[in-house]
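J.: Can you keep this structure in mind? I'll have questions shortly.
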Amino acid sequence: MGWEKLLGDCINFTQRLVQTPSMPHEEGTLAELVMAEMRRLGFDEVWADEMGNVNGRLFGQNRELPALVLNSHLDHVDPGDPALWPVPPFSGEIVDGRIVGRGAADIKGPLAVQVYSMAALLRMGERPYRDVVFSGVVQEEIGGAGAKFWVENLDYEVALVVLGEPSDNKLALGHRGIVQMWVRFDGRSAHASVPQKAQNPNYALAEFLARLQTAQSELSSHPHLGPTTVSPTIIEVDTKSPNVTPAWTRVLLDFRTASESTDSLQAFVHNLAGDWPHTIANAWTDAPFPASDEIIYGYYTPPESAVVQKAQALLAAGMGWEPALTSYQFATDGRHFVPYHIPIIGCSPAEEAQAHIAGESISIAKMADSLRGHVQLLRAF
Ligand SMILES: [Zn+2]
């Protein structure tokens, strides 16, 4: 089999994927394109589910073993102002050895590598060691309803999920979890002309935020996933009237953690808020957090685990060098598989810094390396 031809076809597929916009809830046309490609390439089974997720399976030599799953999402974020792009965002043009376009790195180039690594085995007249399933899921960029549906309805065993999220040909072992909380400060509302009659909670919020900026360095760190971080994002008050002091004001805190629990984070916030009357609520449910000292991970697959050791060795054999171990800054659909105890790794030719930016692109040379690595993974994992 010619690697040049394989890479050429993979690039062409990536360009067609980029040229087919697929915002969340609008993945249908792209889903058809991916299914048609898998059928044309001779996959043993190709199907969609009622969420709009698409799947393609190659039968392995050992069909009774749990499957290897290659996961990518079908959607992408908005391209924003096209004037900020060097080429039109849905052109898929090649510039300096890179395919440019919205979704090229996150995640259509990696998706194409996953599908074409499966096609490569068919072209070589080989079978993977175990069943391999490509899983293309919808709505990753808006919470992951597609991935949740996929995992809830799984009717086969899974040995490992490989995420196509950008890892620069390294092995990403995990990412931090997300905790988002509202911190609300209560005061007393008054006419803005008589501030002495009010207890204006905006002052409490200002003090709180100033303390937060300093104190966040005290949050603990995970040896592989890095420090726990916090970002204040949305701020709201109860009133829309410019001449009324608010009765309450609240800020949304976005924590990323692999070393803290909801209990420890709440204690951290209470300490910073001091004596001012305040309450904490889960931003996703608007209810108080149940007491829990369980550490909040996104996911984390230990480097010494058998799946990591094996995947790393096979990727090294395929690519010609050993992929370094890393972790993601952002969150992925992998977090939805954690409750099901499915091992997860990230492995992708795209670079994390390319995700969601104007001028997003992926290196063709890195796609070529990734293809070779994936083919070896499929052969022997
Ligand atoms: Zn992504």
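Chain identifiers are assigned as A, B, and so on, following the order in which chains appear in the structure tokens; residues are numbered from 1 within each chain, and ligands are numbered from 1 in order of appearance.
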Once you count only C-alpha atoms and all ligand atoms, which residues end up within 10 Å of ligand 1, and could you hand them over as number ranges by chain?

T.: A: 72-77, 103, 105-108, 110, 140-141, 163-166, 330-333, 352, 355-356

J.: Which polymer residues have any atom within 7 Å of an atom of Val179 (chain A), counting only C-alpha atoms, with same-chain residues fewer than 4 positions away left out, as a PyMOL selection string?

T.: chain A and resi 254-256

J.: Skip Trp85 (chain A) itself and residues of its chain fewer than 6 positions away, then list as a ChimeraX atom specification all residues within 10 Å of it, counting only C-alpha atoms.

T.: /A:79,100-102,357-360

J.: If you run DSSP on this backbone, which residues of region 189-357 of chain A come out as strand (DSSP E), and could you give them as a PyMOL selection string?

T.: chain A and resi 221-222+226-227+229-237+248-257+278-282+297-300+325-328+344-347

J.: Name the residues in contact with region 153-160 of chain A at a cut-off of 7 Å, using only C-alpha atoms, excluding same-chain residues fewer than 6 positions from it; report them as a PyMOL selection string.

T.: chain A and resi 66-69+342-344

J.: Go ahead and write the residues just picked, C-alpha atoms, as a PDB file, in the first residue's frame.

T.:
ATOM      1  CA  PRO A  66     -13.591  -5.492  23.843  1.00  0.00           C
ATOM      2  CA  ALA A  67     -13.353  -2.964  21.003  1.00  0.00           C
ATOM      3  CA  LEU A  68     -10.913  -0.123  20.402  1.00  0.00           C
ATOM      4  CA  VAL A  69     -12.912   3.085  19.849  1.00  0.00           C
ATOM      5  CA  ILE A 342     -13.769   3.133  30.187  1.00  0.00           C
ATOM      6  CA  PRO A 343     -10.036   3.874  29.792  1.00  0.00           C
ATOM      7  CA  ILE A 344      -9.400   7.044  27.758  1.00  0.00           C
TER       8      ILE A 344
END

J.: I'd like the neighbourhood of Gly2 (chain A) as a ChimeraX atom specification, where a residue qualifies if any of its atoms comes within 10 Å (using only C-alpha atoms), though same-chain residues fewer than 5 positions away should be ignored.

T.: /A:7-8,120,123-124

J.: Mind checking which residues fall within 9 Å of Leu314 (chain A), counting only C-alpha atoms, ignoring those fewer than 6 positions away in the same chain, and posting them as a ChimeraX atom specification?

T.: /A:322,373-374,376-381

J.: Any idea what's packed within 7 Å of Arg127 (chain A), counting only C-alpha atoms, ignoring anything in its chain fewer than 5 positions away? Could you give it as a compact mmCIF listing (two decimals) with N, CA and C atoms, in the first residue's frame?

T.:
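Contents of result_0.txt, as written:
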# COMPACT_ATOMS: atom_id res chain seq x y z
N GLY A 60 -12.37 -7.22 13.88
CA GLY A 60 -11.01 -7.59 14.21
C GLY A 60 -10.75 -9.08 14.04
N GLN A 61 -9.50 -9.45 14.24
CA GLN A 61 -9.15 -10.88 14.22
C GLN A 61 -9.75 -11.59 15.42
N LEU A 121 -5.65 -0.31 6.93
CA LEU A 121 -5.58 -1.76 7.17
C LEU A 121 -6.33 -2.51 6.07
N LEU A 122 -7.50 -2.00 5.69
CA LEU A 122 -8.27 -2.66 4.62
C LEU A 122 -7.47 -2.68 3.32

J.: Counting only C-alpha atoms, figure out which residue out of A:Gln114, A:Ala48, A:Thr14, A:Val162 gets nearest to Arg372 (chain A).

T.: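 Result for the nearest residue to Arg372 (chain A): A:Gln114.
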
J.: What does the structure give for the distance between CA of Met181 (chain A) and CA of Ala283 (chain A), in Å to one decimal?

T.: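 About the pair CA of Met181 (chain A) and CA of Ala283 (chain A): they are 4.7 Å apart.
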
J.: Restricting the calculation to only C-alpha atoms: of A:Gly334, A:Pro277, A:Gly226, A:Pro339, which residue gets closest to Leu70 (chain A)?

T.: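 The closest residue to Leu70 (chain A) is A:Gly334.
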
J.: Using only C-alpha atoms for the distances, tell me which of A:Gly274, A:His25, A:Asn243, A:Val34 is nearest to Val194 (chain A).

T.: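 Among the listed residues, the smallest separation from Val194 (chain A) belongs to A:Asn243.
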
J.: If I take CA of Thr214 (chain A) and CA of Asp186 (chain A), how far is one from the other in Å, to one decimal?

T.: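 Separation of CA of Thr214 (chain A) and CA of Asp186 (chain A): 23.2 Å.
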
J.: May I ask which of the residues A:Thr249, A:Thr20, A:Gln199, A:Gln213 is the closest one to Ser91 (chain A), counting only C-alpha atoms?

T.: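 For Ser91 (chain A), the nearest of the given residues is A:Thr20.
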
J.: Which of region 27-259 of chain A counts as helix (DSSP H, G or I) under DSSP, as a PyMOL selection string please?

T.: chain A and resi 28-41+82-84+104-123+140-142+145-152+195-197+201-218

J.: Could you write out the selected residues, including C-alpha atoms, as a PDB file, in the first residue's frame?

T.:
ATOM      1  CA  GLY A  28     -26.490  16.259   9.546  1.00  0.00           C
ATOM      2  CA  THR A  29     -24.771  16.968   6.222  1.00  0.00           C
ATOM      3  CA  LEU A  30     -21.348  16.230   7.677  1.00  0.00           C
ATOM      4  CA  ALA A  31     -22.653  13.023   9.246  1.00  0.00           C
ATOM      5  CA  GLU A  32     -23.837  11.868   5.801  1.00  0.00           C
ATOM      6  CA  LEU A  33     -20.434  12.701   4.312  1.00  0.00           C
ATOM      7  CA  VAL A  34     -18.572  10.707   6.982  1.00  0.00           C
ATOM      8  CA  MET A  35     -20.899   7.705   6.619  1.00  0.00           C
ATOM      9  CA  ALA A  36     -20.619   7.746   2.813  1.00  0.00           C
ATOM     10  CA  GLU A  37     -16.812   7.812   3.093  1.00  0.00           C
ATOM     11  CA  MET A  38     -16.732   4.871   5.515  1.00  0.00           C
ATOM     12  CA  ARG A  39     -19.043   2.866   3.241  1.00  0.00           C
ATOM     13  CA  ARG A  40     -16.937   3.682   0.181  1.00  0.00           C
ATOM     14  CA  LEU A  41     -13.777   2.623   2.043  1.00  0.00           C
ATOM     15  CA  PRO A  82     -14.104  35.892   8.274  1.00  0.00           C
ATOM     16  CA  ALA A  83     -11.977  39.027   7.806  1.00  0.00           C
ATOM     17  CA  LEU A  84      -9.686  37.739  10.583  1.00  0.00           C
ATOM     18  CA  ALA A 104      -9.235  21.691  10.623  1.00  0.00           C
ATOM     19  CA  ALA A 105      -7.486  21.031  13.958  1.00  0.00           C
ATOM     20  CA  ASP A 106     -10.548  20.683  16.201  1.00  0.00           C
ATOM     21  CA  ILE A 107     -11.346  18.125  14.973  1.00  0.00           C
ATOM     22  CA  LYS A 108     -11.788  17.297  11.301  1.00  0.00           C
ATOM     23  CA  GLY A 109      -8.121  16.614  10.456  1.00  0.00           C
ATOM     24  CA  PRO A 110      -7.800  14.170  13.381  1.00  0.00           C
ATOM     25  CA  LEU A 111     -11.187  12.644  12.443  1.00  0.00           C
ATOM     26  CA  ALA A 112      -9.864  12.004   8.922  1.00  0.00           C
ATOM     27  CA  VAL A 113      -6.711  10.389  10.348  1.00  0.00           C
ATOM     28  CA  GLN A 114      -8.845   8.063  12.491  1.00  0.00           C
ATOM     29  CA  VAL A 115     -11.025   7.003   9.549  1.00  0.00           C
ATOM     30  CA  TYR A 116      -8.063   6.612   7.164  1.00  0.00           C
ATOM     31  CA  SER A 117      -5.998   4.607   9.653  1.00  0.00           C
ATOM     32  CA  MET A 118      -8.865   2.114   9.567  1.00  0.00           C
ATOM     33  CA  ALA A 119      -8.972   2.301   5.757  1.00  0.00           C
ATOM     34  CA  ALA A 120      -5.209   1.697   5.648  1.00  0.00           C
ATOM     35  CA  LEU A 121      -5.585  -1.760   7.167  1.00  0.00           C
ATOM     36  CA  LEU A 122      -8.271  -2.662   4.625  1.00  0.00           C
ATOM     37  CA  ARG A 123      -6.042  -1.481   1.772  1.00  0.00           C
ATOM     38  CA  GLU A 140     -19.344  18.261  21.821  1.00  0.00           C
ATOM     39  CA  GLU A 141     -18.867  22.011  21.768  1.00  0.00           C
ATOM     40  CA  ILE A 142     -22.090  22.622  23.715  1.00  0.00           C
ATOM     41  CA  ALA A 145     -25.055  15.325  24.525  1.00  0.00           C
ATOM     42  CA  GLY A 146     -23.880  13.116  21.645  1.00  0.00           C
ATOM     43  CA  ALA A 147     -21.121  11.453  23.651  1.00  0.00           C
ATOM     44  CA  LYS A 148     -23.445  10.975  26.634  1.00  0.00           C
ATOM     45  CA  PHE A 149     -26.023   9.295  24.433  1.00  0.00           C
ATOM     46  CA  TRP A 150     -23.353   7.080  22.861  1.00  0.00           C
ATOM     47  CA  VAL A 151     -21.986   5.841  26.175  1.00  0.00           C
ATOM     48  CA  GLU A 152     -25.419   5.381  27.766  1.00  0.00           C
ATOM     49  CA  PRO A 195     -26.521  55.051  49.559  1.00  0.00           C
ATOM     50  CA  GLN A 196     -26.240  55.326  53.347  1.00  0.00           C
ATOM     51  CA  LYS A 197     -29.591  53.507  53.605  1.00  0.00           C
ATOM     52  CA  PRO A 201     -23.325  44.026  47.906  1.00  0.00           C
ATOM     53  CA  ASN A 202     -21.191  45.266  45.009  1.00  0.00           C
ATOM     54  CA  TYR A 203     -18.577  46.354  47.568  1.00  0.00           C
ATOM     55  CA  ALA A 204     -18.493  42.857  49.017  1.00  0.00           C
ATOM     56  CA  LEU A 205     -18.077  41.419  45.536  1.00  0.00           C
ATOM     57  CA  ALA A 206     -15.237  43.826  44.722  1.00  0.00           C
ATOM     58  CA  GLU A 207     -13.343  42.865  47.879  1.00  0.00           C
ATOM     59  CA  PHE A 208     -14.004  39.208  47.231  1.00  0.00           C
ATOM     60  CA  LEU A 209     -12.639  39.352  43.684  1.00  0.00           C
ATOM     61  CA  ALA A 210      -9.515  41.218  44.781  1.00  0.00           C
ATOM     62  CA  ARG A 211      -8.842  38.537  47.417  1.00  0.00           C
ATOM     63  CA  LEU A 212      -9.601  35.769  44.927  1.00  0.00           C
ATOM     64  CA  GLN A 213      -6.990  37.011  42.488  1.00  0.00           C
ATOM     65  CA  THR A 214      -4.309  36.757  45.158  1.00  0.00           C
ATOM     66  CA  ALA A 215      -5.529  33.587  46.848  1.00  0.00           C
ATOM     67  CA  GLN A 216      -5.917  31.397  43.769  1.00  0.00           C
ATOM     68  CA  SER A 217      -2.229  30.535  43.873  1.00  0.00           C
ATOM     69  CA  GLU A 218      -2.999  28.733  47.162  1.00  0.00           C
TER      70      GLU A 218
END

J.: Have a look at A:Leu253, A:Asp81, A:Gly52, A:Arg130 and name the one nearest to Glu64 (chain A); count only C-alpha atoms.

T.: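 Smallest distance to Glu64 (chain A) is found for A:Arg130.
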
J.: For Trp276 (chain A), which residue among A:Val183, A:Val137, A:Ala190, A:Ile345 is the nearest when counting only C-alpha atoms?

T.: A:Val183

J.: Distance CA of Val138 (chain A)-CA of Thr229 (chain A), one decimal place?

T.: 28.3 Å
